[in-house]
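Chemist: Below is a structure I'd like to ask you about.
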Amino acid sequence: MPPVFFVEAAALTTLTAFLVGAAVLVVFFAADFLGAAVVRAAFLGADDFAALVAGFFLAGAAFLAVVVFLVAIREYKPHSSCGIGSNCKFAIKRTKLTKMGTKGSQTLFIGRRIVRLDRVDSTNSFLNGMAATGALSEGAVVIAAEQYAGKGQRGASWYAEPGANITLSVLLTPTFLSVKEQFRISEAVAVTTAETLAEFLPDSDIQIKWPNDILINGKKSGGILIENSFKGAVWMQSIAGIGINVNQLEFPGDLNTATSMAKVSGEKYVFDEVMEVLFGKLEAAYLTLRAGKSDEIRSRYFQRLYRYDKSAVYTDFKSVFTATLHDVSSEGRLVLMLETGEERQFDVKEVGFI
Ligand code: BTN
């Protein structure tokens, strides 16, 4: 259950238990004070001792509910909802302004409403919960300084140093695309994230590793998790989760293959400035899709696709083989051309890059 509902339920329980407990105690002691045994008996149907026990029991329930509530709000601390450029408080200190960051465009709907959280399990899950209440319109964004259960692709978890990276989710309702065209959104989000990094890091090589990992100079610096929901054949909603390594400088252990914008450039970045560029590009790409020009996005995807048209080594987890990355199907399957000339298609879990 999303934290917002948990908190609301806990708050309601607390209030109810507290009011009932307090009411019982007030009535009991008032009756006792006035010596009105009749009132006590009518109200509680019990003698003094039983009434006292009932009162304490309800007070105990109220106390427990307060404890549950306090634990719950530790996981749910939203700031105000606000858009880019407004004066809302954010958990991350503003750092040095970058030259590129001031170039962002104003958007019509993406990022017009931003829910900023200090800490949440996953921005994707939180946004999904909020969207289910019907309270949000397309383009709403949830961003968190820290995710304690960030979700990655293939059921993996996504860890990002708190306060140092962008972890956000965008609500999209691509009802104009068919279920078979799911990969279009993935392509658009990957392309626009990569192009955003390219704008801030003009001297670096920014690529997309199929399906939608973002690489800076060959090292992973961002990931995308798209979670879709359908109603029959209609694509109702897409939660586009985007993680960008921005100001993190240390990558523990096996994350030697990871990097960040700051690690590459030696600069520190302001999140709002990166987001402004990202949302502008994402909205433009989304409108391009909506105008039926998905090939435009697709060709930008292939321009940045890691290993595209190159011979390299892969594994299908039974064998290791050399192949050329030939295509990505409209459903998002990787199309490899083997040395024998045979073409094979793979889903995300079926192939590894070596
Ligand atoms: C990957 O495994 O490469 C995808 C990582 C996606 C991480 C982002 S961070 C914001 C959003 N919320 C999540 O829980 N995951 C995505």
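Naming works like this for the structure tokens: A, B, ... for the chains as they're shown, residue 1 at the start of each chain, ligands 1 onward in shown order.
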With a distance cut-off of 6 Å and only C-alpha atoms, select the neighbouring residues of range 139-152 of chain A, excluding the residue or stretch itself and same-chain residues fewer than 5 positions from it, and output the selection as a PyMOL selection string.

Modeler: chain A and resi 109-111+113-123+157-158+162-163+167-172

Chemist: I'd like the contact shell of Asn165 in chain A - 7 Å cut-off, only C-alpha atoms, skipping same-chain residues fewer than 2 positions apart - returned as a list in words.

Modeler: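 So the residues in contact are Ala160, Glu161, Pro162, Gly163, Thr167, Ile244, Asn245, Val246, Asn247 and Gln248 of chain A.
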
Chemist: Please save all heavy atoms of the selected residues as a compact mmCIF listing (two decimals), in the first residue's frame.

Modeler:
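Result file selection_35.txt:
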```txt
# COMPACT_ATOMS: atom_id res chain seq x y z
N ALA A 160 20.88 5.21 -4.95
CA ALA A 160 21.49 6.49 -5.30
C ALA A 160 21.80 7.22 -4.00
O ALA A 160 20.94 7.27 -3.11
CB ALA A 160 20.55 7.32 -6.16
N GLU A 161 23.01 7.73 -3.87
CA GLU A 161 23.38 8.44 -2.65
C GLU A 161 22.37 9.55 -2.36
O GLU A 161 22.13 10.41 -3.22
CB GLU A 161 24.78 9.04 -2.84
CG GLU A 161 25.36 9.68 -1.60
CD GLU A 161 26.70 10.33 -1.94
OE1 GLU A 161 27.61 9.65 -2.44
OE2 GLU A 161 26.81 11.56 -1.71
N PRO A 162 21.79 9.55 -1.14
CA PRO A 162 20.75 10.55 -0.84
C PRO A 162 21.25 11.98 -1.03
O PRO A 162 22.35 12.32 -0.62
CB PRO A 162 20.43 10.28 0.64
CG PRO A 162 20.82 8.85 0.86
CD PRO A 162 21.99 8.60 -0.05
N GLY A 163 20.43 12.78 -1.67
CA GLY A 163 20.75 14.20 -1.84
C GLY A 163 21.71 14.51 -2.97
O GLY A 163 21.90 15.67 -3.31
N THR A 167 16.32 11.51 -8.59
CA THR A 167 15.46 10.32 -8.69
C THR A 167 14.03 10.85 -8.78
O THR A 167 13.52 11.41 -7.80
CB THR A 167 15.62 9.39 -7.47
OG1 THR A 167 15.53 10.15 -6.27
CG2 THR A 167 16.95 8.66 -7.48
N ILE A 244 19.21 9.84 -12.41
CA ILE A 244 20.42 10.40 -13.04
C ILE A 244 21.47 10.63 -11.95
O ILE A 244 21.18 11.28 -10.93
CB ILE A 244 20.14 11.75 -13.76
CG1 ILE A 244 19.01 11.60 -14.77
CG2 ILE A 244 21.40 12.26 -14.44
CD1 ILE A 244 18.59 12.92 -15.44
N ASN A 245 22.64 10.07 -12.16
CA ASN A 245 23.74 10.33 -11.23
C ASN A 245 24.26 11.73 -11.50
O ASN A 245 24.84 11.99 -12.56
CB ASN A 245 24.87 9.32 -11.42
CG ASN A 245 24.43 7.90 -11.13
OD1 ASN A 245 23.39 7.70 -10.51
ND2 ASN A 245 25.21 6.92 -11.54
N VAL A 246 24.04 12.62 -10.56
CA VAL A 246 24.36 14.03 -10.81
C VAL A 246 25.62 14.45 -10.05
O VAL A 246 26.67 14.70 -10.65
CB VAL A 246 23.17 14.94 -10.43
CG1 VAL A 246 23.50 16.40 -10.74
CG2 VAL A 246 21.92 14.52 -11.20
N ASN A 247 25.53 14.54 -8.72
CA ASN A 247 26.66 15.08 -7.96
C ASN A 247 27.40 14.03 -7.13
O ASN A 247 28.32 14.37 -6.39
CB ASN A 247 26.17 16.21 -7.04
CG ASN A 247 25.72 17.43 -7.84
OD1 ASN A 247 26.28 17.72 -8.91
ND2 ASN A 247 24.71 18.13 -7.37
N GLN A 248 27.01 12.77 -7.23
CA GLN A 248 27.70 11.71 -6.47
C GLN A 248 29.11 11.52 -7.02
O GLN A 248 29.30 11.42 -8.23
CB GLN A 248 26.89 10.41 -6.58
CG GLN A 248 27.48 9.27 -5.78
CD GLN A 248 26.55 8.06 -5.70
OE1 GLN A 248 25.35 8.17 -5.93
NE2 GLN A 248 27.10 6.90 -5.36
```

Chemist: From a DSSP calculation on the backbone, collect every residue of range 255-345 of chain A in alpha helix (DSSP H) and output the set as a VMD selection string.

Modeler: chain A and resid 261 to 265 271 to 290 294 to 303

Chemist: Give me, as number ranges by chain, all polymer residues having an atom no more than 7 Å from Phe176 in chain A, counting only C-alpha atoms and skipping those fewer than 2 positions away in the same chain.

Modeler: A: 174, 178, 290

Chemist: Tell me, as a ChimeraX atom specification, which residues lie within 7 Å of range 187-201 of chain A, counting only C-alpha atoms; anything in the same chain fewer than 2 positions away does not count.

Modeler: /A:100,183-185,203-204,206-208,212,214,277-278,281-282,285-286,297-298,300-301

Chemist: Quick one: write out the picked residues with N, CA and C atoms as a tab-separated table (two decimals), in the first residue's frame?

Modeler:
```tsv
chain	number	residue	atom	x	y	z
A	100	MET	N	24.97	25.99	-18.48
A	100	MET	CA	23.99	25.31	-19.32
A	100	MET	C	22.61	25.29	-18.68
A	183	PHE	N	7.26	0.51	-26.39
A	183	PHE	CA	8.66	0.91	-26.36
A	183	PHE	C	8.86	2.37	-26.81
A	184	ARG	N	7.86	2.94	-27.44
A	184	ARG	CA	7.98	4.34	-27.90
A	184	ARG	C	8.26	5.29	-26.73
A	185	ILE	N	7.57	5.05	-25.62
A	185	ILE	CA	7.76	5.93	-24.45
A	185	ILE	C	9.16	5.71	-23.88
A	203	ASP	N	31.38	17.84	-23.96
A	203	ASP	CA	32.62	17.18	-24.38
A	203	ASP	C	32.61	15.67	-24.11
A	204	SER	N	31.51	15.16	-23.61
A	204	SER	CA	31.46	13.73	-23.27
A	204	SER	C	30.64	12.96	-24.30
A	206	ILE	N	27.76	10.62	-24.80
A	206	ILE	CA	26.55	10.17	-24.08
A	206	ILE	C	25.82	9.15	-24.96
A	207	GLN	N	25.67	7.96	-24.41
A	207	GLN	CA	25.03	6.89	-25.20
A	207	GLN	C	23.88	6.25	-24.43
A	208	ILE	N	23.09	5.51	-25.18
A	208	ILE	CA	22.00	4.72	-24.57
A	208	ILE	C	22.35	3.26	-24.75
A	212	ASN	N	17.44	1.03	-22.04
A	212	ASN	CA	17.43	2.48	-21.74
A	212	ASN	C	18.38	2.89	-20.61
A	214	ILE	N	21.64	4.88	-19.41
A	214	ILE	CA	22.33	6.06	-19.94
A	214	ILE	C	23.81	5.98	-19.55
A	277	VAL	N	15.72	21.41	-18.14
A	277	VAL	CA	16.11	21.00	-19.50
A	277	VAL	C	15.46	19.66	-19.84
A	278	LEU	N	15.52	18.74	-18.89
A	278	LEU	CA	14.96	17.40	-19.11
A	278	LEU	C	13.46	17.48	-19.44
A	281	LYS	N	12.74	18.88	-22.92
A	281	LYS	CA	13.02	17.92	-24.00
A	281	LYS	C	12.01	16.77	-24.00
A	282	LEU	N	11.67	16.31	-22.80
A	282	LEU	CA	10.74	15.19	-22.71
A	282	LEU	C	9.37	15.59	-23.27
A	285	ALA	N	9.51	15.73	-27.05
A	285	ALA	CA	9.54	14.39	-27.64
A	285	ALA	C	8.17	13.72	-27.54
A	286	TYR	N	7.53	13.92	-26.41
A	286	TYR	CA	6.21	13.32	-26.19
A	286	TYR	C	5.19	13.89	-27.19
A	297	ILE	N	11.88	10.20	-33.18
A	297	ILE	CA	12.46	9.85	-31.87
A	297	ILE	C	13.32	8.60	-32.02
A	298	ARG	N	12.79	7.69	-32.80
A	298	ARG	CA	13.49	6.42	-33.01
A	298	ARG	C	14.87	6.65	-33.64
A	300	ARG	N	16.70	9.29	-33.38
A	300	ARG	CA	17.58	9.88	-32.37
A	300	ARG	C	18.04	8.81	-31.38
A	301	TYR	N	17.18	7.84	-31.12
A	301	TYR	CA	17.55	6.72	-30.23
A	301	TYR	C	18.71	5.94	-30.85
```

Chemist: Apply DSSP to the backbone of this structure and, from range 166-214 of chain A, keep only the residues in strand (DSSP E); write these as a ChimeraX atom specification.

Modeler: /A:166-172,206-209,213-214

Chemist: Within 12 Å of Val320 in chain A, counting only C-alpha atoms, which residues qualify if same-chain residues fewer than 3 places away don't, as number ranges by chain?

Modeler: A: 312-317, 323, 338, 351-354

Chemist: Go through A:Gly243, A:Gly129, A:Pro252, A:Gly232 and flag the residue nearest ligand 1, using only C-alpha atoms and all ligand atoms for the distances.

Modeler: A:Gly243

Chemist: Compare A:Asn124, A:Gln106, A:Gln237, A:Thr133 by their minimum atom-to-atom distance to ligand 1, counting only C-alpha atoms and all ligand atoms, and give me the closest one.

Modeler: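 Looking at the shortest contact to ligand 1, the residue is A:Asn124.
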